[in-house]
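Undergrad: Sharing a structure with you now.
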Amino acid sequence: MLQTLDSESQLNYMQRFKQASFLPPDADKTHLRGFIDVYKANCRMDYRPKDSKPTRMILFKASEVIEEYKNEDWYKRSAEPTWGWSQYAEDLVDILMVPGDHFTMMNQPNVQVLTDKLRACLDKVISRSELLRFSQRGKG
């Protein structure tokens, strides 16, 4: 993949990975090439759960797209808003947008937004669980 990009685009990729702390500051193109090869192999894995579970799904989705990804076949096929997760959910998939791209959403200040949204989701689950437990006390 890197071989198909011009030098400027390759350096741009390197900078994004370094900024996101996925590569050490002194990493060269070989490091990046290895990282991308592993990532692509992971994307090609054909894992399919046997059946869907009646579980609410929440997709935390980056609000920005890495420019270089737009020409990738897998990106073009992922036009569906839930990126395919809806096939595993019996209910709707809630999409919560997080600032940044796939990598920078995990860096400050974006990760704080992700953390806040995740915490709010977990608080709702805990509240529902406690309410259910409380309502079942008198039924036993």
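We name chains A, B, ... following the order of the structure tokens; residues begin at 1 in each chain, and ligands are numbered from 1 as shown.
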What residues in chain A get the DSSP label strand (DSSP E)? Please answer as a list of chain:residue names.

TA: A:Met57, A:Ile58, A:Leu59, A:Phe60, A:Lys61, A:Ala62, A:Val93, A:Asp94, A:Ile95, A:Leu96, A:Met97, A:Val98

Undergrad: Save the residues we just selected, N, CA and C atoms, as a PDB file, in the first residue's frame?

TA:
ATOM      1  N   MET A  57     -26.332  -2.091  21.004  1.00  0.00           N
ATOM      2  CA  MET A  57     -24.964  -1.803  20.574  1.00  0.00           C
ATOM      3  C   MET A  57     -24.777  -0.307  20.430  1.00  0.00           C
ATOM      4  N   ILE A  58     -23.587   0.121  20.800  1.00  0.00           N
ATOM      5  CA  ILE A  58     -23.220   1.519  20.636  1.00  0.00           C
ATOM      6  C   ILE A  58     -21.896   1.549  19.892  1.00  0.00           C
ATOM      7  N   LEU A  59     -21.864   2.271  18.793  1.00  0.00           N
ATOM      8  CA  LEU A  59     -20.655   2.415  17.987  1.00  0.00           C
ATOM      9  C   LEU A  59     -20.086   3.804  18.229  1.00  0.00           C
ATOM     10  N   PHE A  60     -18.879   3.869  18.761  1.00  0.00           N
ATOM     11  CA  PHE A  60     -18.176   5.134  18.927  1.00  0.00           C
ATOM     12  C   PHE A  60     -17.396   5.351  17.636  1.00  0.00           C
ATOM     13  N   LYS A  61     -17.816   6.337  16.879  1.00  0.00           N
ATOM     14  CA  LYS A  61     -17.292   6.515  15.525  1.00  0.00           C
ATOM     15  C   LYS A  61     -16.525   7.837  15.418  1.00  0.00           C
ATOM     16  N   ALA A  62     -15.355   7.782  14.816  1.00  0.00           N
ATOM     17  CA  ALA A  62     -14.546   8.985  14.618  1.00  0.00           C
ATOM     18  C   ALA A  62     -15.238   9.930  13.643  1.00  0.00           C
ATOM     19  N   VAL A  93     -28.396   0.111  16.113  1.00  0.00           N
ATOM     20  CA  VAL A  93     -27.074   0.419  16.635  1.00  0.00           C
ATOM     21  C   VAL A  93     -27.013   1.926  16.833  1.00  0.00           C
ATOM     22  N   ASP A  94     -26.750   2.336  18.069  1.00  0.00           N
ATOM     23  CA  ASP A  94     -26.592   3.763  18.346  1.00  0.00           C
ATOM     24  C   ASP A  94     -25.190   4.176  17.924  1.00  0.00           C
ATOM     25  N   ILE A  95     -25.101   5.292  17.218  1.00  0.00           N
ATOM     26  CA  ILE A  95     -23.804   5.798  16.774  1.00  0.00           C
ATOM     27  C   ILE A  95     -23.507   7.074  17.544  1.00  0.00           C
ATOM     28  N   LEU A  96     -22.393   7.080  18.251  1.00  0.00           N
ATOM     29  CA  LEU A  96     -21.955   8.263  18.976  1.00  0.00           C
ATOM     30  C   LEU A  96     -20.663   8.753  18.333  1.00  0.00           C
ATOM     31  N   MET A  97     -20.696   9.974  17.846  1.00  0.00           N
ATOM     32  CA  MET A  97     -19.535  10.538  17.163  1.00  0.00           C
ATOM     33  C   MET A  97     -18.528  11.072  18.182  1.00  0.00           C
ATOM     34  N   VAL A  98     -17.263  10.846  17.876  1.00  0.00           N
ATOM     35  CA  VAL A  98     -16.160  11.304  18.712  1.00  0.00           C
ATOM     36  C   VAL A  98     -15.237  12.130  17.826  1.00  0.00           C
TER      37      VAL A  98
END

Undergrad: Might you pull out every residue within 12 Å of Met106 in chain A, with only C-alpha atoms counted and same-chain residues fewer than 4 positions away left off, and present them as a ChimeraX atom specification?

TA: /A:17,19-22,60-62,98-102,110-115

Undergrad: Just want the 10 Å neighbourhood of Glu67 in chain A, counted on only C-alpha atoms, with same-chain residues fewer than 4 positions away dropped. Output as a PDB file with N, CA and C atoms, in the first residue's frame.

TA:
ATOM      1  N   SER A   9       2.763  11.515   0.681  1.00  0.00           N
ATOM      2  CA  SER A   9       1.688  10.772   1.351  1.00  0.00           C
ATOM      3  C   SER A   9       2.254   9.768   2.348  1.00  0.00           C
ATOM      4  N   ASN A  12       3.178  11.643   5.346  1.00  0.00           N
ATOM      5  CA  ASN A  12       1.954  12.047   6.034  1.00  0.00           C
ATOM      6  C   ASN A  12       1.439  10.901   6.907  1.00  0.00           C
ATOM      7  N   TYR A  13       1.453   9.691   6.361  1.00  0.00           N
ATOM      8  CA  TYR A  13       1.062   8.509   7.138  1.00  0.00           C
ATOM      9  C   TYR A  13       1.954   8.372   8.371  1.00  0.00           C
ATOM     10  N   ASN A  71      -9.489   6.028  -0.588  1.00  0.00           N
ATOM     11  CA  ASN A  71      -9.293   5.281  -1.830  1.00  0.00           C
ATOM     12  C   ASN A  71      -9.216   3.773  -1.614  1.00  0.00           C
ATOM     13  N   ASP A 101      -9.839  11.363  14.161  1.00  0.00           N
ATOM     14  CA  ASP A 101      -9.917  10.245  13.229  1.00  0.00           C
ATOM     15  C   ASP A 101      -9.692   8.951  14.010  1.00  0.00           C
TER      16      ASP A 101
END

Undergrad: Quick check, in Å to one decimal: how far apart do CA of Tyr88 in chain A and CA of Glu68 in chain A lie?

TA: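 Separating CA of Tyr88 in chain A from CA of Glu68 in chain A is a distance of 28.4 Å.
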
Undergrad: Could you pull out the alpha helix (DSSP H) residues of range 24-138 of chain A, going by DSSP on the backbone, and write them as an mmCIF file with C-alpha atoms, in the first residue's frame?

TA:
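What landed in out11.cif:
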data_model
loop_
_atom_site.group_PDB
_atom_site.id
_atom_site.type_symbol
_atom_site.label_atom_id
_atom_site.label_comp_id
_atom_site.auth_asym_id
_atom_site.auth_seq_id
_atom_site.Cartn_x
_atom_site.Cartn_y
_atom_site.Cartn_z
ATOM 1 C CA LYS A 29 9.054 3.559 6.746
ATOM 2 C CA THR A 30 9.830 -0.092 7.526
ATOM 3 C CA HIS A 31 8.100 0.232 10.911
ATOM 4 C CA LEU A 32 5.092 1.835 9.305
ATOM 5 C CA ARG A 33 4.942 -0.747 6.537
ATOM 6 C CA GLY A 34 4.943 -3.551 9.117
ATOM 7 C CA PHE A 35 2.217 -1.860 11.151
ATOM 8 C CA ILE A 36 0.031 -1.412 8.080
ATOM 9 C CA ASP A 37 0.579 -5.033 6.968
ATOM 10 C CA VAL A 38 -0.585 -6.297 10.370
ATOM 11 C CA TYR A 39 -3.571 -3.930 10.314
ATOM 12 C CA LYS A 40 -4.616 -5.103 6.845
ATOM 13 C CA ALA A 41 -4.276 -8.756 7.885
ATOM 14 C CA ASN A 42 -6.547 -8.067 10.848
ATOM 15 C CA CYS A 43 -9.092 -6.419 8.554
ATOM 16 C CA ARG A 44 -9.131 -9.467 6.292
ATOM 17 C CA ASP A 73 -11.663 -0.741 -1.175
ATOM 18 C CA TRP A 74 -12.669 -1.590 2.402
ATOM 19 C CA TYR A 75 -13.447 2.069 3.062
ATOM 20 C CA LYS A 76 -15.590 2.380 -0.050
ATOM 21 C CA ARG A 77 -17.558 -0.719 1.000
ATOM 22 C CA ASN A 110 -10.550 13.847 21.888
ATOM 23 C CA VAL A 111 -10.172 10.882 24.229
ATOM 24 C CA GLN A 112 -11.834 12.931 26.977
ATOM 25 C CA VAL A 113 -14.970 13.216 24.822
ATOM 26 C CA LEU A 114 -14.853 9.459 24.199
ATOM 27 C CA THR A 115 -14.393 8.827 27.927
ATOM 28 C CA ASP A 116 -17.322 11.073 28.844
ATOM 29 C CA LYS A 117 -19.622 9.386 26.317
ATOM 30 C CA LEU A 118 -18.557 5.910 27.416
ATOM 31 C CA ARG A 119 -19.037 6.820 31.080
ATOM 32 C CA ALA A 120 -22.559 8.135 30.350
ATOM 33 C CA CYS A 121 -23.429 4.861 28.575
ATOM 34 C CA LEU A 122 -22.089 2.770 31.444
ATOM 35 C CA ASP A 123 -23.947 4.898 34.001
ATOM 36 C CA LYS A 124 -27.212 4.199 32.151
ATOM 37 C CA VAL A 125 -26.528 0.461 32.147
ATOM 38 C CA ILE A 126 -25.691 0.480 35.856
ATOM 39 C CA SER A 127 -28.817 2.517 36.663
ATOM 40 C CA ARG A 128 -31.030 0.112 34.695
ATOM 41 C CA SER A 129 -29.404 -2.878 36.358
ATOM 42 C CA GLU A 130 -29.953 -1.421 39.833
ATOM 43 C CA LEU A 131 -33.558 -0.538 38.999
ATOM 44 C CA LEU A 132 -34.198 -4.079 37.741
ATOM 45 C CA ARG A 133 -32.593 -5.616 40.837
ATOM 46 C CA PHE A 134 -34.652 -3.340 43.114
ATOM 47 C CA SER A 135 -37.913 -4.140 41.287
ATOM 48 C CA GLN A 136 -37.273 -7.893 41.571
#
